[in-house]
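Novice: Below you'll find target-v7.txt; it's compact mmCIF, C-alpha atoms.
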```
# COMPACT_ATOMS: atom_id res chain seq x y z
CA MET E 18 14.17 -14.37 -31.08
CA ALA E 19 14.86 -12.89 -27.66
CA THR E 20 18.54 -12.38 -26.80
CA TYR E 21 18.09 -12.60 -23.04
CA SER E 22 15.95 -14.93 -20.93
CA LEU E 23 15.00 -15.11 -17.27
CA PRO E 24 17.20 -17.70 -15.52
CA ASP E 25 15.75 -20.25 -13.14
CA LEU E 26 16.68 -19.77 -9.50
CA PRO E 27 19.10 -22.34 -8.06
CA TYR E 28 16.65 -22.90 -5.16
CA ASP E 29 12.92 -22.73 -4.42
CA TYR E 30 11.23 -19.42 -3.69
CA ALA E 31 10.82 -20.35 -0.02
CA ALA E 32 14.41 -21.58 0.37
CA LEU E 33 15.83 -18.32 1.71
CA GLU E 34 13.31 -17.88 4.51
CA PRO E 35 13.24 -16.39 7.07
CA ALA E 36 15.79 -13.86 5.77
CA ILE E 37 13.82 -13.36 2.52
CA THR E 38 10.23 -14.55 2.34
CA GLY E 39 9.02 -16.69 -0.53
CA GLU E 40 6.49 -14.02 -1.49
CA ILE E 41 9.19 -11.37 -1.89
CA LEU E 42 11.56 -13.69 -3.74
CA GLU E 43 8.87 -14.75 -6.20
CA LEU E 44 7.85 -11.16 -6.91
CA HIS E 45 11.48 -10.10 -7.18
CA HIS E 46 12.43 -12.86 -9.61
CA ALA E 47 9.25 -13.49 -11.61
CA LYS E 48 8.13 -9.87 -11.90
CA HIS E 49 11.00 -7.41 -11.41
CA HIS E 50 13.86 -9.43 -12.90
CA ALA E 51 11.59 -10.57 -15.71
CA ALA E 52 10.78 -6.93 -16.47
CA TYR E 53 14.48 -6.12 -16.92
CA VAL E 54 14.86 -9.07 -19.30
CA LYS E 55 11.89 -7.91 -21.35
CA GLY E 56 13.13 -4.32 -21.27
CA ALA E 57 16.56 -5.32 -22.59
CA ASN E 58 15.09 -7.45 -25.39
CA ASP E 59 12.54 -4.77 -26.36
CA THR E 60 15.22 -2.08 -26.49
CA LEU E 61 17.47 -4.20 -28.71
CA GLU E 62 14.53 -4.64 -31.08
CA GLN E 63 13.91 -0.89 -31.10
CA LEU E 64 17.57 -0.20 -31.85
CA GLU E 65 17.47 -2.65 -34.74
CA GLU E 66 14.32 -1.08 -36.16
CA VAL E 67 15.76 2.42 -36.01
CA ARG E 68 19.08 1.23 -37.47
CA GLU E 69 17.31 -0.41 -40.43
CA LYS E 70 15.46 2.82 -41.13
CA ASP E 71 18.64 4.88 -40.67
CA GLY E 72 16.60 6.98 -38.30
CA PHE E 73 19.02 7.63 -35.45
CA THR E 74 18.98 11.07 -33.87
CA PRO E 75 21.24 12.11 -30.98
CA THR E 76 18.32 12.45 -28.59
CA GLY E 77 16.67 9.22 -29.64
CA LEU E 78 19.88 7.22 -29.49
CA VAL E 79 20.81 8.54 -26.05
CA GLY E 80 17.42 7.50 -24.72
CA LEU E 81 17.65 4.00 -26.17
CA GLU E 82 21.24 3.50 -25.00
CA LYS E 83 20.34 4.55 -21.47
CA THR E 84 17.30 2.28 -21.44
CA LEU E 85 19.39 -0.65 -22.66
CA ALA E 86 22.08 -0.03 -20.03
CA PHE E 87 19.46 0.17 -17.29
CA ASN E 88 17.63 -3.04 -18.21
CA LEU E 89 20.64 -5.10 -19.24
CA SER E 90 22.55 -4.16 -16.09
CA GLY E 91 19.46 -5.01 -14.03
CA HIS E 92 19.36 -8.44 -15.68
CA VAL E 93 23.09 -9.08 -15.17
CA LEU E 94 23.15 -7.95 -11.54
CA HIS E 95 20.04 -9.93 -10.59
CA THR E 96 21.37 -13.05 -12.30
CA GLN E 97 24.49 -12.78 -10.15
CA PHE E 98 22.53 -11.88 -7.01
CA TRP E 99 20.62 -15.17 -7.13
CA GLN E 100 23.89 -17.09 -7.48
CA ASN E 101 25.60 -15.11 -4.71
CA LEU E 102 22.92 -16.36 -2.30
CA THR E 103 22.25 -19.85 -0.94
CA PRO E 104 20.10 -21.34 1.82
CA ASP E 105 23.30 -22.82 3.27
CA GLY E 106 25.27 -19.57 3.21
CA GLY E 107 26.68 -17.22 5.77
CA ASP E 108 29.75 -17.23 7.99
CA ARG E 109 32.79 -15.86 6.13
CA PRO E 110 35.13 -16.92 3.31
CA ASP E 111 38.40 -18.79 3.69
CA GLY E 112 41.44 -19.41 1.51
CA VAL E 113 42.67 -16.91 -1.08
CA LEU E 114 39.49 -14.82 -1.00
CA ALA E 115 39.75 -14.38 2.76
CA ASP E 116 43.42 -13.42 2.38
CA ALA E 117 42.58 -10.88 -0.32
CA ILE E 118 39.82 -9.31 1.77
CA SER E 119 42.20 -8.94 4.70
CA GLU E 120 44.90 -7.49 2.45
CA HIS E 121 42.71 -4.91 0.73
CA PHE E 122 40.37 -3.94 3.58
CA GLY E 123 42.46 -4.65 6.66
CA SER E 124 40.09 -7.26 8.06
CA PHE E 125 36.86 -9.07 7.27
CA GLU E 126 35.08 -6.87 9.80
CA ALA E 127 36.27 -3.70 8.06
CA PHE E 128 35.19 -5.08 4.68
CA ARG E 129 31.78 -6.02 6.02
CA LYS E 130 31.25 -2.60 7.55
CA GLN E 131 32.20 -0.82 4.32
CA LEU E 132 29.87 -2.98 2.22
CA ASP E 133 27.10 -2.50 4.80
CA VAL E 134 27.42 1.28 4.62
CA ALA E 135 27.74 1.30 0.83
CA THR E 136 24.56 -0.77 0.47
CA THR E 137 22.43 0.93 3.11
CA SER E 138 23.35 4.47 2.08
CA VAL E 139 22.76 4.21 -1.68
CA GLN E 140 20.61 7.21 -2.55
CA GLY E 141 17.27 5.99 -3.84
CA SER E 142 17.69 2.58 -5.44
CA GLY E 143 20.84 0.68 -6.19
CA TRP E 144 23.39 -1.91 -5.12
CA GLY E 145 26.41 -2.47 -2.94
CA VAL E 146 29.11 -4.35 -4.87
CA LEU E 147 32.39 -6.05 -4.03
CA ALA E 148 34.46 -6.01 -7.23
CA HIS E 149 37.90 -6.94 -8.53
CA GLU E 150 39.86 -4.21 -10.35
CA PRO E 151 42.26 -5.92 -12.80
CA ILE E 152 44.93 -3.24 -13.28
CA SER E 153 45.85 -2.97 -9.60
CA GLY E 154 44.52 -6.37 -8.57
CA LYS E 155 42.65 -4.67 -5.73
CA LEU E 156 39.28 -5.51 -4.31
CA LEU E 157 37.02 -2.45 -4.32
CA ILE E 158 33.52 -1.66 -3.11
CA HIS E 159 31.15 0.23 -5.39
CA GLN E 160 27.90 2.03 -4.74
CA VAL E 161 25.78 1.43 -7.83
CA TYR E 162 22.93 3.85 -8.43
CA ASP E 163 19.94 2.20 -10.11
CA HIS E 164 21.76 -0.58 -11.97
CA HIS E 165 24.49 1.10 -13.94
CA GLY E 166 26.07 4.16 -12.34
CA ASN E 167 29.23 4.93 -10.37
CA VAL E 168 31.11 1.74 -11.33
CA GLY E 169 34.76 1.52 -12.35
CA ILE E 170 35.06 0.41 -15.98
CA ASN E 171 36.38 -3.15 -16.37
CA THR E 172 35.92 -4.10 -12.72
CA THR E 173 34.36 -7.52 -12.16
CA PRO E 174 31.51 -7.84 -9.64
CA LEU E 175 32.12 -10.65 -7.15
CA LEU E 176 29.36 -10.08 -4.59
CA VAL E 177 26.28 -7.91 -5.11
CA PHE E 178 23.71 -6.72 -2.58
CA ASP E 179 20.40 -5.52 -4.01
CA ALA E 180 19.22 -2.38 -2.21
CA TRP E 181 16.14 -1.65 -4.31
CA GLU E 182 12.97 -1.41 -2.24
CA HIS E 183 11.38 -4.25 -4.22
CA ALA E 184 14.01 -6.56 -2.69
CA TYR E 185 12.92 -6.02 0.90
CA TYR E 186 10.11 -3.52 1.52
CA LEU E 187 7.24 -6.00 1.98
CA GLN E 188 9.21 -7.68 4.77
CA TYR E 189 11.47 -5.03 6.27
CA LYS E 190 9.47 -1.88 5.41
CA ASN E 191 11.88 1.07 5.23
CA VAL E 192 14.53 -0.48 7.51
CA ARG E 193 17.10 -1.33 4.86
CA PRO E 194 19.93 -2.03 7.37
CA ASP E 195 17.96 -4.95 8.90
CA TYR E 196 17.57 -6.49 5.46
CA VAL E 197 21.26 -6.05 4.64
CA GLN E 198 22.28 -7.73 7.89
CA LYS E 199 20.14 -10.74 6.97
CA LEU E 200 21.84 -11.01 3.57
CA TRP E 201 25.10 -11.93 5.28
CA SER E 202 23.48 -15.17 6.47
CA LEU E 203 22.79 -16.16 2.85
CA ILE E 204 26.09 -15.42 1.09
CA ASN E 205 27.36 -18.24 -1.09
CA TRP E 206 31.08 -17.77 -0.45
CA THR E 207 31.89 -20.68 -2.78
CA ASP E 208 30.35 -18.72 -5.65
CA VAL E 209 32.08 -15.47 -4.64
CA ALA E 210 35.44 -17.24 -4.33
CA ALA E 211 35.02 -18.85 -7.77
CA ARG E 212 34.28 -15.44 -9.30
CA TYR E 213 37.38 -14.01 -7.60
CA SER E 214 39.61 -16.83 -8.89
CA ALA E 215 38.25 -16.38 -12.42
CA ALA E 216 38.76 -12.61 -12.30
CA VAL E 217 42.36 -12.96 -11.09
CA ALA E 218 43.12 -15.59 -13.75
CA LYS E 219 41.67 -13.40 -16.49
CA ALA E 220 43.73 -10.41 -15.34
CA SER E 221 47.03 -12.30 -15.23
```
Written as structure tokens, that's how I'd like the structure from this file.

Specialist:
Amino acid sequence: MATYSLPDLPYDYAALEPAITGEILELHHAKHHAAYVKGANDTLEQLEEVREKDGFTPTGLVGLEKTLAFNLSGHVLHTQFWQNLTPDGGDRPDGVLADAISEHFGSFEAFRKQLDVATTSVQGSGWGVLAHEPISGKLLIHQVYDHHGNVGINTTPLLVFDAWEHAYYLQYKNVRPDYVQKLWSLINWTDVAARYSAAVAKAS
């Protein structure tokens, strides 16, 4: 039985237009995200098979572990990405999340600029991520290469921006900054704020 499954979107494929076309969203969810789910499940099966045969080698294990990290992280990040977006999104947060952003970045504008640059300048494919770091309580921004590199251990993602070409190329061609600017009109700040509250509560 598969461990992971493709989640339904909380809105229709056309719901995020014009920022993200229905065609792109359907391909992104039903093809790309589904491939990460299948990849994670297939790799877990391969690990189990090798474990039962006591056939692990350093090279083989490293390859399987890297493949699992890639696909599982792709599944986790995409699952959050869909929830971080909403047809009724945009504007900016309020309450404790807004206060925390101002405290840790100086202002909402400074935070937005840093996340913009982090997302648009990822080398190759990757993500821009707003995360909570539990030891210091700080909000940090990560540049994630592919799905699983350059991330502080134990930080909790609160807001994720997908910067893989499959997320935007059919609509925005190679102009990633235009796509990132449109994402701001879709942010579900209620979801981001709930993730922040949960992360703070868990750390306390």

Novice: When you count only C-alpha atoms, which of these residues is closest to Thr136 (chain E): E:Ile41, E:Val177, E:Leu64, E:Ala115?

Specialist: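 Checking each of E:Ile41, E:Val177, E:Leu64, E:Ala115 against Thr136 (chain E), counting only C-alpha atoms, the winner is E:Val177.
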
Novice: Which one is closest to Leu42 (chain E): E:Ala148, E:Ala216, E:Val209, E:Leu26? Count only C-alpha atoms.

Specialist: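 Smallest distance to Leu42 (chain E) is found for E:Leu26.
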
Novice: Could you work out how far CA of Ala57 (chain E) lies from CA of Asn88 (chain E), giving the answer in Å with one decimal?

Specialist: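 Between these atoms lies a distance of 5.1 Å.
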
Novice: Grab the CA of Leu175 (chain E) to CA of Val146 (chain E) distance for me, in Å with one decimal place.

Specialist: 7.3 Å

Novice: Report, in Å with one decimal, the straight-line distance from CA of Pro35 (chain E) to CA of Lys130 (chain E).

Specialist: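 Going from CA of Pro35 (chain E) over to CA of Lys130 (chain E), I get 22.7 Å.
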